[in-house]
Structure formats: C-alpha cells, structure tokens
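Containing compact mmCIF, C-alpha atoms and all ligand atoms: upload.txt.
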# COMPACT_ATOMS: atom_id res chain seq x y z
CA MET R 26 -4.93 -8.30 -57.59
CA GLU R 27 -7.59 -10.72 -56.40
CA LEU R 28 -6.83 -13.71 -54.21
CA GLU R 29 -7.62 -15.91 -57.20
CA ASP R 30 -4.91 -14.21 -59.27
CA HIS R 31 -2.35 -14.36 -56.47
CA ALA R 32 -3.00 -18.08 -56.11
CA GLU R 33 -2.81 -18.64 -59.87
CA GLU R 34 0.46 -16.77 -60.16
CA LEU R 35 2.00 -18.53 -57.19
CA ALA R 36 0.84 -22.00 -58.18
CA SER R 37 2.27 -21.71 -61.65
CA ALA R 38 5.55 -20.25 -60.40
CA LEU R 39 5.89 -23.06 -57.89
CA GLY R 40 4.46 -25.83 -60.02
CA ALA R 41 1.94 -26.57 -57.28
CA ASP R 42 -1.77 -27.30 -57.25
CA LYS R 43 -3.71 -24.04 -57.55
CA GLU R 44 -6.56 -24.99 -55.21
CA GLU R 45 -4.12 -26.12 -52.56
CA VAL R 46 -2.12 -22.88 -52.83
CA LYS R 47 -5.34 -20.85 -52.73
CA ALA R 48 -6.53 -22.60 -49.56
CA ASP R 49 -3.17 -21.98 -47.87
CA LEU R 50 -3.18 -18.38 -48.95
CA GLU R 51 -6.71 -17.83 -47.66
CA ASN R 52 -5.74 -19.38 -44.38
CA LEU R 53 -2.74 -17.07 -43.92
CA LEU R 54 -4.73 -14.00 -44.90
CA SER R 55 -7.39 -14.90 -42.38
CA TYR R 56 -4.66 -14.48 -39.73
CA SER R 57 -4.08 -10.96 -41.08
CA VAL R 58 -0.72 -11.89 -42.60
CA PRO R 59 0.04 -9.25 -45.26
CA VAL R 60 -0.35 -10.70 -48.76
CA ASP R 61 3.32 -10.32 -49.74
CA GLU R 62 4.45 -12.06 -46.60
CA ALA R 63 1.88 -14.81 -47.11
CA LYS R 64 3.13 -15.42 -50.64
CA GLU R 65 6.73 -15.47 -49.44
CA SER R 66 5.85 -18.03 -46.84
CA LEU R 67 4.11 -20.24 -49.43
CA ARG R 68 7.11 -19.94 -51.76
CA ARG R 69 9.15 -21.39 -48.93
CA LYS R 70 6.61 -24.08 -48.17
CA TYR R 71 6.33 -25.32 -51.75
CA GLY R 72 9.98 -24.65 -52.54
CA ASP R 73 10.72 -21.80 -54.91
CA GLY R 74 11.31 -23.16 -58.40
CA THR R 75 13.97 -20.53 -59.02
CA ASP R 76 16.10 -21.95 -56.25
CA SER R 77 17.37 -25.36 -57.32
CA SER R 78 19.14 -25.98 -54.01
CA SER R 79 16.06 -25.96 -51.80
CA GLU R 80 18.21 -27.51 -49.08
CA ILE R 81 18.03 -25.56 -45.85
CA ALA R 82 21.46 -24.48 -44.63
CA THR R 83 22.61 -25.98 -41.34
CA LYS R 84 24.14 -23.27 -39.20
CA GLN R 85 25.53 -22.65 -35.78
CA ILE R 86 23.83 -19.94 -33.79
CA ASP R 87 26.51 -17.29 -34.27
CA GLU R 88 26.23 -17.79 -38.03
CA ILE R 89 22.49 -17.07 -38.15
CA THR R 90 21.71 -13.52 -39.27
CA THR R 91 18.55 -11.57 -39.96
CA SER R 92 19.19 -12.00 -43.69
CA ASP R 93 18.67 -15.78 -43.41
CA SER R 94 15.16 -16.89 -44.23
CA ASN R 95 15.33 -20.52 -43.10
CA VAL R 96 17.93 -22.53 -41.24
CA SER R 97 18.49 -25.89 -39.57
CA THR R 98 20.46 -26.11 -36.36
CA THR R 99 21.32 -28.38 -33.43
CA VAL R 100 20.78 -26.70 -30.10
CA ARG R 101 20.11 -27.12 -26.41
CA VAL R 102 16.77 -25.76 -25.16
CA LEU R 103 17.52 -23.25 -22.39
CA SER R 104 13.99 -22.21 -21.52
CA VAL R 105 10.39 -22.84 -22.53
CA GLY R 106 7.78 -20.21 -21.78
CA GLN R 107 4.13 -20.47 -22.68
CA ARG R 108 1.84 -17.60 -23.56
CA SER R 109 -1.58 -17.13 -25.02
CA ILE R 110 -2.02 -14.61 -27.80
CA GLN R 111 -4.98 -13.49 -29.87
CA TYR R 112 -5.28 -14.27 -33.55
CA ASN R 113 -8.43 -12.93 -35.18
CA GLY R 114 -10.35 -13.24 -31.97
CA ASP R 115 -9.12 -16.77 -31.23
CA ASN R 116 -6.81 -17.66 -28.38
CA HIS R 117 -3.66 -19.34 -29.56
CA VAL R 118 -1.00 -20.79 -27.27
CA ILE R 119 2.60 -20.19 -28.27
CA PHE R 120 5.88 -21.33 -26.74
CA GLU R 121 8.92 -19.10 -26.46
CA GLY R 122 12.31 -18.97 -24.86
CA GLU R 123 15.97 -19.35 -25.67
CA LEU R 124 18.10 -21.94 -27.45
CA ALA R 125 21.87 -22.24 -27.30
CA ASP R 126 24.85 -24.03 -28.75
CA GLU R 127 28.54 -23.55 -28.00
CA THR R 128 28.66 -20.38 -30.14
CA GLY R 129 25.80 -18.39 -28.62
CA LYS R 130 22.12 -18.21 -27.83
CA ILE R 131 19.01 -17.17 -29.73
CA SER R 132 15.34 -16.52 -28.93
CA TYR R 133 12.61 -18.63 -30.47
CA THR R 134 8.86 -18.71 -30.87
CA ALA R 135 7.13 -22.03 -31.49
CA TRP R 136 3.69 -21.62 -33.04
CA GLU R 137 2.89 -25.26 -32.35
CA ASP R 138 3.40 -27.47 -29.33
CA PHE R 139 6.55 -29.48 -30.01
CA GLY R 140 6.70 -30.58 -26.37
CA LEU R 141 10.01 -28.76 -25.88
CA GLU R 142 11.67 -29.11 -22.49
CA ALA R 143 14.47 -27.08 -20.98
CA GLY R 144 17.74 -29.00 -21.06
CA GLU R 145 17.05 -31.25 -24.03
CA THR R 146 19.20 -31.22 -27.15
CA ILE R 147 17.33 -31.05 -30.44
CA THR R 148 17.98 -30.67 -34.12
CA ILE R 149 15.60 -28.18 -35.64
CA GLY R 150 14.95 -28.76 -39.31
CA ASN R 151 13.76 -25.71 -41.21
CA ALA R 152 13.14 -22.94 -38.74
CA GLY R 153 12.10 -19.56 -40.10
CA VAL R 154 14.34 -16.62 -39.20
CA ARG R 155 12.67 -13.39 -38.23
CA GLU R 156 14.11 -10.13 -37.05
CA TRP R 157 13.09 -9.20 -33.53
CA GLU R 158 14.57 -6.12 -31.84
CA GLU R 159 17.30 -6.07 -34.48
CA LYS R 160 18.37 -9.62 -33.69
CA PRO R 161 17.55 -12.89 -35.45
CA GLU R 162 14.90 -15.06 -33.82
CA LEU R 163 13.86 -18.58 -34.81
CA ASN R 164 10.25 -19.35 -35.67
CA LEU R 165 9.22 -22.97 -35.35
CA GLY R 166 6.03 -23.76 -37.20
CA GLU R 167 4.18 -26.13 -39.47
CA SER R 168 7.13 -26.82 -41.75
CA THR R 169 9.62 -27.32 -38.90
CA ASP R 170 10.86 -30.78 -37.86
CA ILE R 171 12.21 -31.41 -34.38
CA GLU R 172 14.50 -34.36 -33.74
CA ARG R 173 15.61 -35.27 -30.21
CA GLU R 174 19.36 -35.92 -29.90
CA GLU R 175 20.77 -38.50 -27.55
CA THR R 176 24.01 -36.66 -26.88
CA THR R 177 23.58 -33.58 -24.74
CA LEU R 178 25.17 -30.49 -26.17
CA SER R 179 27.23 -28.67 -23.57
CA VAL R 180 26.64 -24.93 -23.70
CA PRO R 181 28.19 -22.01 -21.82
CA PHE R 182 24.79 -20.87 -20.52
CA GLU R 183 22.58 -21.80 -17.63
CA VAL R 184 19.80 -24.19 -18.56
CA GLY R 185 16.36 -23.39 -17.23
CA GLY R 186 14.93 -19.93 -16.78
CA ASP R 187 16.16 -19.15 -13.23
CA ALA R 188 17.10 -15.49 -12.92
CA THR R 189 17.48 -12.69 -10.42
CA LEU R 190 15.42 -9.53 -10.86
CA ALA R 191 18.48 -7.47 -11.83
CA GLU R 192 19.19 -9.81 -14.75
CA LEU R 193 15.76 -9.46 -16.36
CA GLU R 194 15.21 -7.59 -19.60
CA PRO R 195 12.07 -6.87 -21.60
CA GLY R 196 11.51 -9.77 -23.99
CA ASP R 197 12.80 -12.46 -21.59
CA ARG R 198 10.49 -15.46 -21.50
CA GLY R 199 10.17 -18.72 -19.63
CA ILE R 200 11.74 -17.08 -16.58
CA ASN R 201 11.65 -18.39 -13.00
CA VAL R 202 12.21 -16.08 -10.03
CA GLU R 203 12.31 -16.46 -6.27
CA VAL R 204 11.07 -13.23 -4.77
CA ARG R 205 9.30 -11.50 -1.91
CA VAL R 206 6.06 -9.68 -2.68
CA LEU R 207 6.72 -6.15 -1.38
CA GLU R 208 3.51 -4.50 -2.53
CA CYS R 209 0.37 -6.00 -3.95
CA GLU R 210 -3.02 -4.59 -4.87
CA THR R 211 -6.06 -5.80 -6.78
CA LYS R 212 -7.09 -3.75 -9.79
CA THR R 213 -10.09 -3.99 -12.05
CA ILE R 214 -9.27 -3.55 -15.72
CA ASN R 215 -11.14 -3.78 -18.99
CA GLY R 216 -9.67 -6.92 -20.47
CA ARG R 217 -10.43 -9.01 -23.53
CA ASP R 218 -13.48 -10.54 -21.89
CA GLY R 219 -14.84 -7.46 -20.15
CA GLU R 220 -13.95 -6.44 -16.62
CA THR R 221 -11.39 -8.63 -14.93
CA GLU R 222 -9.36 -8.43 -11.77
CA ILE R 223 -5.59 -8.44 -11.83
CA LEU R 224 -2.90 -8.08 -9.21
CA SER R 225 -0.11 -5.57 -9.50
CA GLY R 226 2.65 -4.42 -7.24
CA GLU R 227 6.31 -4.83 -6.54
CA LEU R 228 8.64 -7.83 -6.16
CA GLY R 229 12.06 -7.83 -4.53
CA ASP R 230 15.09 -10.09 -4.15
CA GLU R 231 18.70 -9.57 -3.19
CA SER R 232 19.50 -8.06 -6.58
CA GLY R 233 16.76 -5.42 -6.71
CA ARG R 234 13.07 -4.66 -7.16
CA LEU R 235 10.69 -4.76 -10.13
CA PRO R 236 6.99 -4.19 -10.74
CA PHE R 237 4.78 -7.17 -11.56
CA THR R 238 1.34 -7.97 -12.90
CA ASP R 239 -0.52 -11.21 -12.21
CA TRP R 240 -3.18 -11.58 -14.90
CA GLU R 241 -4.81 -14.53 -13.11
CA PRO R 242 -4.82 -13.45 -9.46
CA ARG R 243 -3.53 -16.18 -7.19
CA ALA R 244 -3.88 -16.48 -3.44
CA GLU R 245 -0.15 -17.30 -3.04
CA ILE R 246 0.75 -13.79 -4.19
CA GLU R 247 0.11 -11.43 -1.30
CA GLU R 248 2.08 -8.76 0.49
CA GLY R 249 4.99 -10.19 2.46
CA ALA R 250 4.87 -13.64 0.88
CA SER R 251 8.04 -15.28 -0.46
CA VAL R 252 7.29 -17.22 -3.62
CA ARG R 253 8.87 -19.07 -6.52
CA ILE R 254 7.19 -18.07 -9.76
CA GLU R 255 7.88 -20.25 -12.78
CA ASN R 256 7.27 -19.46 -16.41
CA THR R 257 6.87 -15.69 -16.37
CA PHE R 258 7.62 -13.31 -19.21
CA ILE R 259 9.12 -9.85 -19.02
CA ARG R 260 7.62 -6.82 -20.67
CA GLU R 261 8.55 -3.19 -20.67
CA PHE R 262 6.32 -1.07 -18.46
CA ARG R 263 7.04 2.69 -18.29
CA GLY R 264 10.58 2.08 -19.47
CA VAL R 265 11.46 -0.66 -16.98
CA PRO R 266 11.18 -4.46 -17.04
CA SER R 267 7.98 -5.79 -15.51
CA VAL R 268 7.37 -9.40 -14.43
CA ASN R 269 4.20 -10.84 -15.99
CA VAL R 270 2.54 -13.79 -14.28
CA SER R 271 0.19 -15.50 -16.73
CA GLU R 272 -2.27 -18.37 -16.77
CA PHE R 273 0.68 -20.66 -17.60
CA SER R 274 2.83 -19.53 -14.70
CA SER R 275 3.02 -21.53 -11.51
CA VAL R 276 3.39 -19.94 -8.11
CA GLU R 277 4.64 -21.77 -5.08
CA ARG R 278 5.08 -20.47 -1.53
CA LEU R 279 8.61 -20.74 -0.14
CA ASP R 280 9.24 -21.73 3.46
CA GLN R 281 12.36 -19.59 3.69
CA PRO R 282 11.79 -15.84 3.32
CA VAL R 283 13.59 -14.35 0.34
CA GLU R 284 16.15 -11.71 1.33
CA VAL R 285 15.49 -8.32 -0.20
CA SER R 286 18.22 -5.74 -0.64
CA ALA R 287 17.56 -2.70 1.53
CA THR R 288 19.39 -0.37 -0.81
CA ALA R 289 19.10 0.49 -4.48
CA PRO R 290 22.13 0.30 -6.76
CA ARG R 291 23.84 3.69 -7.03
CA TYR R 292 24.46 5.09 -10.51
CA SER R 293 25.90 8.26 -11.93
CA VAL R 294 23.19 10.29 -13.66
CA ARG R 295 24.78 9.65 -17.06
CA ASP R 296 24.95 5.88 -16.56
CA ALA R 297 21.43 5.78 -15.17
CA ILE R 298 20.05 7.63 -18.20
CA ALA R 299 22.03 5.36 -20.53
CA THR R 300 20.11 2.32 -19.22
CA GLY R 301 16.86 3.74 -20.62
CA GLY R 302 15.06 3.46 -17.28
CA LEU R 303 15.57 1.91 -13.85
CA TYR R 304 12.81 0.83 -11.50
CA ASP R 305 14.83 1.37 -8.34
CA VAL R 306 18.00 3.42 -8.36
CA GLU R 307 19.98 5.75 -6.11
CA LEU R 308 21.49 9.00 -7.38
CA VAL R 309 23.58 11.61 -5.60
CA GLY R 310 23.77 15.18 -6.82
CA ASN R 311 23.16 18.85 -6.25
CA VAL R 312 19.77 20.43 -6.68
CA VAL R 313 20.52 23.27 -9.10
CA ALA R 314 16.98 24.61 -9.59
CA ILE R 315 13.27 24.04 -9.05
CA ARG R 316 11.12 23.73 -12.15
CA ASP R 317 7.77 25.33 -12.93
CA GLY R 318 4.90 23.29 -11.62
CA SER R 319 6.45 22.96 -8.16
CA GLY R 320 5.00 23.98 -4.82
CA LEU R 321 1.28 24.49 -4.47
CA ILE R 322 -0.35 23.04 -7.57
CA GLU R 323 -3.86 22.09 -8.71
CA ARG R 324 -4.84 18.75 -10.18
CA CYS R 325 -7.81 17.77 -12.33
CA PRO R 326 -10.28 15.88 -10.09
CA GLU R 327 -11.05 13.51 -12.99
CA CYS R 328 -7.60 12.41 -14.14
CA GLY R 329 -5.13 13.82 -11.62
CA ARG R 330 -3.19 15.80 -14.23
CA VAL R 331 -1.76 19.12 -13.12
CA THR R 332 -3.98 21.93 -14.40
CA GLN R 333 -2.77 25.21 -15.92
CA ASN R 334 -4.96 28.22 -15.06
CA GLY R 335 -7.80 25.88 -14.12
CA GLN R 336 -7.61 24.02 -17.45
CA CYS R 337 -7.01 20.27 -17.76
CA ARG R 338 -5.51 19.07 -21.04
CA SER R 339 -8.19 16.36 -21.27
CA HIS R 340 -11.15 17.75 -19.35
CA GLY R 341 -11.07 21.48 -20.08
CA GLU R 342 -12.07 23.86 -17.31
CA VAL R 343 -12.21 22.01 -13.99
CA ASP R 344 -12.40 22.84 -10.33
CA GLY R 345 -8.84 21.79 -9.46
CA GLU R 346 -7.81 20.05 -6.26
CA ASP R 347 -4.85 21.46 -4.34
CA ASP R 348 -1.72 19.38 -4.00
CA LEU R 349 1.96 19.75 -3.22
CA ARG R 350 4.73 18.68 -5.56
CA THR R 351 8.37 19.47 -6.22
CA LYS R 352 10.23 19.09 -9.50
CA ALA R 353 13.90 19.55 -8.67
CA ILE R 354 16.74 19.47 -11.17
CA LEU R 355 19.50 17.23 -9.82
CA ASP R 356 22.98 17.53 -11.30
CA ASP R 357 25.91 15.26 -10.42
CA GLY R 358 28.39 16.57 -12.97
CA THR R 359 27.68 13.75 -15.44
CA GLY R 360 24.13 14.80 -16.29
CA THR R 361 20.81 16.06 -14.92
CA VAL R 362 17.47 14.50 -14.06
CA THR R 363 14.22 15.98 -12.82
CA VAL R 364 13.48 14.58 -9.39
CA ILE R 365 9.76 14.53 -8.59
CA LEU R 366 8.76 14.67 -4.94
CA ASP R 367 5.19 13.77 -4.05
CA GLU R 368 3.06 15.56 -1.46
CA GLU R 369 4.64 13.77 1.48
CA LEU R 370 8.28 14.35 0.45
CA THR R 371 7.51 17.92 -0.57
CA ALA R 372 5.96 18.57 2.85
CA GLU R 373 9.19 17.30 4.42
CA VAL R 374 11.48 19.65 2.50
CA TYR R 375 9.02 22.54 2.74
CA GLY R 376 8.55 21.95 6.45
CA GLY R 377 4.77 22.05 6.38
CA ASP R 378 1.80 20.14 4.98
CA LEU R 379 -0.76 21.13 2.36
CA ALA R 380 -2.85 23.09 4.85
CA ALA R 381 0.23 25.06 5.96
CA ALA R 382 1.11 25.79 2.35
CA MET R 383 -2.44 27.03 1.67
CA ASP R 384 -2.24 29.37 4.69
CA HIS R 385 1.16 30.55 3.55
CA ALA R 386 -0.15 31.34 0.06
CA ARG R 387 -3.25 33.05 1.42
CA ASP R 388 -1.25 35.28 3.77
CA ALA R 389 1.12 36.25 0.98
CA MET R 390 -1.75 36.46 -1.54
CA ASP R 391 0.55 34.55 -3.89
CA ARG R 392 0.66 30.79 -4.49
CA GLU R 393 4.23 31.06 -5.80
CA VAL R 394 5.63 31.69 -2.32
CA VAL R 395 5.48 27.96 -1.59
CA ALA R 396 7.70 27.04 -4.54
CA GLU R 397 10.03 29.93 -3.71
CA ASP R 398 10.31 28.71 -0.15
CA ILE R 399 11.08 25.15 -1.28
CA ALA R 400 13.72 26.45 -3.71
CA SER R 401 15.42 28.47 -0.98
CA LYS R 402 15.68 25.29 1.12
CA VAL R 403 16.95 22.79 -1.44
CA VAL R 404 18.80 24.63 -4.20
CA GLY R 405 22.56 24.38 -3.72
CA HIS R 406 22.37 21.36 -1.44
CA GLU R 407 23.51 17.83 -2.16
CA TYR R 408 20.97 15.00 -1.93
CA VAL R 409 20.80 11.21 -2.06
CA VAL R 410 17.68 10.28 -3.98
CA ARG R 411 16.16 6.85 -4.43
CA GLY R 412 13.35 6.18 -6.83
CA SER R 413 12.12 5.06 -10.18
CA LEU R 414 13.74 6.56 -13.28
CA THR R 415 11.86 6.89 -16.56
CA ILE R 416 13.11 8.48 -19.75
CA ASP R 417 10.83 9.95 -22.39
CA ASP R 418 10.90 12.60 -25.09
CA TYR R 419 10.70 15.31 -22.44
CA GLY R 420 13.71 14.07 -20.52
CA ALA R 421 14.66 11.96 -17.54
CA ASN R 422 12.35 11.92 -14.52
CA LEU R 423 13.03 10.27 -11.21
CA GLU R 424 9.94 9.62 -9.13
CA ALA R 425 11.46 9.77 -5.66
CA SER R 426 10.68 7.29 -2.90
CA THR R 427 13.26 8.81 -0.55
CA PHE R 428 15.03 12.17 -0.66
CA GLY R 429 17.63 12.99 1.94
CA GLU R 430 20.44 15.45 2.35
CA HIS R 431 23.79 13.84 1.58
CA ASP R 432 25.82 13.53 4.74
CA GLU R 433 28.22 10.71 3.97
CA GLU R 434 31.60 10.94 5.65
CA PRO R 435 34.23 12.43 3.35
CA ALA R 436 36.36 9.29 3.91
CA THR R 437 33.60 7.02 2.62
CA ARG R 438 33.18 9.22 -0.39
CA ALA R 439 36.88 9.13 -1.14
CA GLU R 440 36.81 5.32 -0.94
CA GLN R 441 33.83 5.22 -3.24
CA PHE R 442 35.53 7.51 -5.66
CA LEU R 443 38.63 5.31 -5.69
CA ALA R 444 36.51 2.20 -6.18
CA GLU R 445 34.87 3.83 -9.18
CA VAL R 446 38.21 4.88 -10.64
CA GLU R 447 39.57 1.36 -10.23
CA GLN R 448 36.62 -0.20 -12.07
ZN ZN R 501 -8.43 15.86 -16.43
Just give me the structure as structure tokens.
Ligand SMILES: [Zn+2]
Amino acid sequence: MELEDHAEELASALGADKEEVKADLENLLSYSVPVDEAKESLRRKYGDGTDSSSEIATKQIDEITTSDSNVSTTVRVLSVGQRSIQYNGDNHVIFEGELADETGKISYTAWEDFGLEAGETITIGNAGVREWEEKPELNLGESTDIEREETTLSVPFEVGGDATLAELEPGDRGINVEVRVLECETKTINGRDGETEILSGELGDESGRLPFTDWEPRAEIEEGASVRIENTFIREFRGVPSVNVSEFSSVERLDQPVEVSATAPRYSVRDAIATGGLYDVELVGNVVAIRDGSGLIERCPECGRVTQNGQCRSHGEVDGEDDLRTKAILDDGTGTVTVILDEELTAEVYGGDLAAAMDHARDAMDREVVAEDIASKVVGHEYVVRGSLTIDDYGANLEASTFGEHDEEPATRAEQFLAEVEQ
C-alpha cells in the first residue's frame, strides 16, 4: 500500500483530515518508524473511532503493565538524565530516568524537554507505555501533558540519582556517583563525526569497581582523582555495567579522596555465574585441569587472537608472536569457570618468563612441555582468584588480576562457612 492509501484509510477511519494525517504519517516514517506502528500512534493521537471511551485510564505505577497503551499517572520524579541520540542523521536530545509513587517505580523516556526536575511531583496526562527489557516504561511525547502538583508525593525511594557502583545496572540513567579514577587512558575511536578521542578506564568506590567511558574527555578525570560525576548513564559492556560520561554529565573534583575497597566481593562460582557477569569478583576453588591453548602460544600480530597452526581466524596465515597464557578450570563444588592468566601471572605460576619458556620448549623440542609443567604445578591446588567475569555462549571466563594459592586459616574458613549458612 502507498502512503497515500494508508493516509486515506486512516483518515476515514478516524474521521480526521486526510492531508493532516498524511503529513503526520510522513513525518513518523521519516524517523524510520515502521508503518504499522506509525498508524497505531496516529490512531491514538486522533482518537480511534471504535473506542468511544477515549479517556486515558489513570493508574498507579504497580497497575501499569506492558499491555497498556496509554496511561495517566501522578508521580514523583526520581531522576532526570539527558542523552543525545541519532534520528535519521540528526542529533536529538532525550530525557530519561525513573518516576515513583507509593506503589513502585518505573523508567521513562521524554522525547521533548518538559523541564523535569528530580524531586518534583507531577501528573502526567497521556503517557505512552512501551515494553523495555520485559518491563513497562513510560514515553512522554507530543501528546503528553505535564502538570506540576503542589503537594509532594512521599515515595519509598531515594530522590535524585545518587548511587554506589555496586548498585548500578545496565539501563540506569540520570545517575550520580562519587568515585576515584583508578585507571584512565585516552583512546582514539571512529565516532559519528570521524576520529574522536575518548577516555576509558576504571572507577572505584567503597562498594566496588566498574569500567567507564568519557565520550567528551574532561581534564577533571585523570588517574588518582576523586570526582563527583552527575548525570551518567549505565550500559552493558562485555556483560558488566559500564559508567558512561556524556556531554550532559558534569564532573567536579572532590577535596576528600574517595575510599576504594581493597578487596572484591567473594562469590560462589554458581552465584557469580548467575549474575551474568561481574567486573570485579573473588572466587575460591580448586584447579581441576588446564585447557588447550595454555602455555606457550602464538598470537596474530594484527589482531592479537591466538593462532592455530599459524592460522588466524581473521587474517589467515600469519607469522605469530609468542606469548604465555594459562586457561585453568576452577571448580568450587557449585560450578566451574575458566580462569585466564595473562603472561605475567602465567610466568608466576610457571616459574619463568617467556624467554625461559622458549628455551624450555626448544630443549625439549616440544612446545607442549610448558603447558604440562604449568598443569603439574597448579592442578589439584586451591586458589583465590580475583578478576573480571564474563559469560558467553562458550561458558564463563574469569580474566584474572590476581591468582594466589589459598592459605586461609582453617578457623577463618569455618567462620566464613557458618556465616554463609546463617545467611
Ligand atoms: Zn588476526
């Protein structure tokens, strides 16, 4: 069907002016809205003739479901984040965050600037309901009315986006954190407008550590600095939450250094895997085996991937560069993960560096001796491992930052065991 026909059909069904409907339809399609969705949205805008009660239901947050199309509700604004997105090559600023009443909270996206402020109580007339990550989310747009209420709604949630790193989840928006910059490096990426510089690294506070990206590099963010960052949003990066600092974020240096926890939270392997990924975690278990691809390996000089028989998956036959790596299977009785030790940690358990491993292999005329030697040293021993856990289709991998033999006093372990049982 042509646009003309869609407009005709809609206009007559809705009893609206055809040219007006056509213009609206064209506008929506120019934003790449699928035609069915565009028509649905216009049916709502002009009021569907088949629905005599075009009144929008007023609901409390816990009553809103993904099967609602439009609702009205009185809520307290918990947070207001700002983000720029691309729509057909144009930059468009949207506002997002959370709203709450006494029954619960809900995420929202405002496609226009309603001047929302955290803490204020508003009545939203005609918000669209959209499903986002299997939960309802409110969309505030052209047909939405916002009315400021004089009486402040009291809600069982904290107003404002202050959070600790451990509380953050992908999808959180309008978040403020007070953190120490633990690692920070400048990277050049191919962005929307050609090559741009960004900052990336690691942030820490008392609750934990997370990676971050600053898309508009700021002088306040440098290694060792303690900062308050307002209006960030959280995205998933390699299975863990990542703090995104955007053009709308503000960064302020803090006079007092932010305390950073020296240890990572300890999990059982099963619980760690159940989280879907943890940026900084401690596991304790027995190394039960060493996997293929351990010991003396070769990497593609172009992409760093491990080569098989001199072949890179992306670059074909290459002259590989020697490296050391260990992939150890750690088992704590609740599950297993593959712990990956880099060159440095592998050298520690092997008891020799890359050059020593090369000599060893040359003398034995077999590269496998290095992996065999590593296996004989670690298999059957219990280790405390700290690192970053990612889960993908191939399993759970823990990129280790520290790897040490477990030598806790039996008494401490008994106490820990009891504490776990009591939980
Ligand atoms: Zn390659």
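For Asp305 (chain R), the residues within 7 Å (counting only C-alpha atoms, excluding itself and residues fewer than 6 positions away along the chain) are R:Arg234, R:Ala289, R:Arg411, R:Gly412, R:Ser413.
Atom pair CA of Met383 (chain R) / CA of Gln336 (chain R) has a distance of 20.0 Å (rounded to one decimal).
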Spatial neighbours of Glu156 (chain R), max dist 9 Å, all atoms listed in the file, sep filter under 5 positions, as a CSV table (one decimal) with C-alpha atoms, keeping the file's coordinate frame:
chain,number,residue,atom,x,y,z
R,90,THR,CA,21.7,-13.5,-39.3
R,91,THR,CA,18.6,-11.6,-40.0
R,92,SER,CA,19.2,-12.0,-43.7
R,161,PRO,CA,17.6,-12.9,-35.4
R,162,GLU,CA,14.9,-15.1,-33.8
R,163,LEU,CA,13.9,-18.6,-34.8
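With CA of Val252 (chain R) on one side and CA of Val118 (chain R) on the other, the separation reads 25.3 Å.
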Per residue of chain R within 7 Å of ligand ZN 501 (chain R), what are the shortest atom pair and its distance in Å to one decimal, counting all atoms listed in the file, with rows by chain and residue number, as CSV?
residue,atom,partner,partner_atom,distance
R:Cys325,CA,R:ZN501,ZN,4.6
R:Pro326,CA,R:ZN501,ZN,6.6
R:Glu327,CA,R:ZN501,ZN,4.9
R:Cys328,CA,R:ZN501,ZN,4.2
R:Gly329,CA,R:ZN501,ZN,6.2
R:Arg330,CA,R:ZN501,ZN,5.7
R:Cys337,CA,R:ZN501,ZN,4.8
R:Arg338,CA,R:ZN501,ZN,6.3
R:Ser339,CA,R:ZN501,ZN,4.9
R:His340,CA,R:ZN501,ZN,4.4
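Proximity ranking of R:Asp378, R:Glu272, R:Glu248, R:Glu194 relative to Leu303 (chain R) places R:Glu194 first, based on only C-alpha atoms.
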Would you kindly place N, CA and C atoms on region 254-270 of chain R and return the model as an mmCIF file, keeping the file's coordinate frame?
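Saved to part_1.cif:
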data_model
loop_
_atom_site.group_PDB
_atom_site.id
_atom_site.type_symbol
_atom_site.label_atom_id
_atom_site.label_comp_id
_atom_site.auth_asym_id
_atom_site.auth_seq_id
_atom_site.Cartn_x
_atom_site.Cartn_y
_atom_site.Cartn_z
ATOM 1 N N ILE R 254 8.108 -18.184 -8.630
ATOM 2 C CA ILE R 254 7.190 -18.070 -9.760
ATOM 3 C C ILE R 254 7.895 -18.654 -10.974
ATOM 4 N N GLU R 255 7.282 -19.648 -11.599
ATOM 5 C CA GLU R 255 7.880 -20.250 -12.780
ATOM 6 C C GLU R 255 7.107 -19.828 -14.015
ATOM 7 N N ASN R 256 7.866 -19.760 -15.106
ATOM 8 C CA ASN R 256 7.270 -19.460 -16.410
ATOM 9 C C ASN R 256 6.595 -18.084 -16.467
ATOM 10 N N THR R 257 7.379 -17.053 -16.206
ATOM 11 C CA THR R 257 6.870 -15.690 -16.370
ATOM 12 C C THR R 257 7.504 -15.109 -17.626
ATOM 13 N N PHE R 258 6.955 -14.025 -18.116
ATOM 14 C CA PHE R 258 7.620 -13.310 -19.210
ATOM 15 C C PHE R 258 7.772 -11.854 -18.810
ATOM 16 N N ILE R 259 8.748 -11.209 -19.429
ATOM 17 C CA ILE R 259 9.120 -9.850 -19.020
ATOM 18 C C ILE R 259 8.756 -8.872 -20.119
ATOM 19 N N ARG R 260 8.020 -7.853 -19.731
ATOM 20 C CA ARG R 260 7.620 -6.820 -20.670
ATOM 21 C C ARG R 260 8.083 -5.478 -20.167
ATOM 22 N N GLU R 261 8.171 -4.518 -21.094
ATOM 23 C CA GLU R 261 8.550 -3.190 -20.670
ATOM 24 C C GLU R 261 7.314 -2.451 -20.176
ATOM 25 N N PHE R 262 7.428 -1.839 -19.013
ATOM 26 C CA PHE R 262 6.320 -1.070 -18.460
ATOM 27 C C PHE R 262 6.896 0.251 -17.975
ATOM 28 N N ARG R 263 6.486 1.366 -18.606
ATOM 29 C CA ARG R 263 7.040 2.690 -18.290
ATOM 30 C C ARG R 263 8.560 2.669 -18.276
ATOM 31 N N GLY R 264 9.133 2.039 -19.297
ATOM 32 C CA GLY R 264 10.580 2.080 -19.470
ATOM 33 C C GLY R 264 11.380 1.115 -18.614
ATOM 34 N N VAL R 265 10.704 0.289 -17.794
ATOM 35 C CA VAL R 265 11.460 -0.660 -16.980
ATOM 36 C C VAL R 265 10.880 -2.064 -17.166
ATOM 37 N N PRO R 266 11.700 -3.097 -16.895
ATOM 38 C CA PRO R 266 11.180 -4.460 -17.040
ATOM 39 C C PRO R 266 10.099 -4.737 -16.008
ATOM 40 N N SER R 267 9.054 -5.435 -16.425
ATOM 41 C CA SER R 267 7.980 -5.790 -15.510
ATOM 42 C C SER R 267 7.733 -7.293 -15.620
ATOM 43 N N VAL R 268 7.556 -7.950 -14.462
ATOM 44 C CA VAL R 268 7.370 -9.400 -14.430
ATOM 45 C C VAL R 268 5.885 -9.704 -14.650
ATOM 46 N N ASN R 269 5.590 -10.491 -15.688
ATOM 47 C CA ASN R 269 4.200 -10.840 -15.990
ATOM 48 C C ASN R 269 3.925 -12.284 -15.600
ATOM 49 N N VAL R 270 2.945 -12.461 -14.727
ATOM 50 C CA VAL R 270 2.540 -13.790 -14.280
ATOM 51 C C VAL R 270 1.275 -14.119 -15.065
#
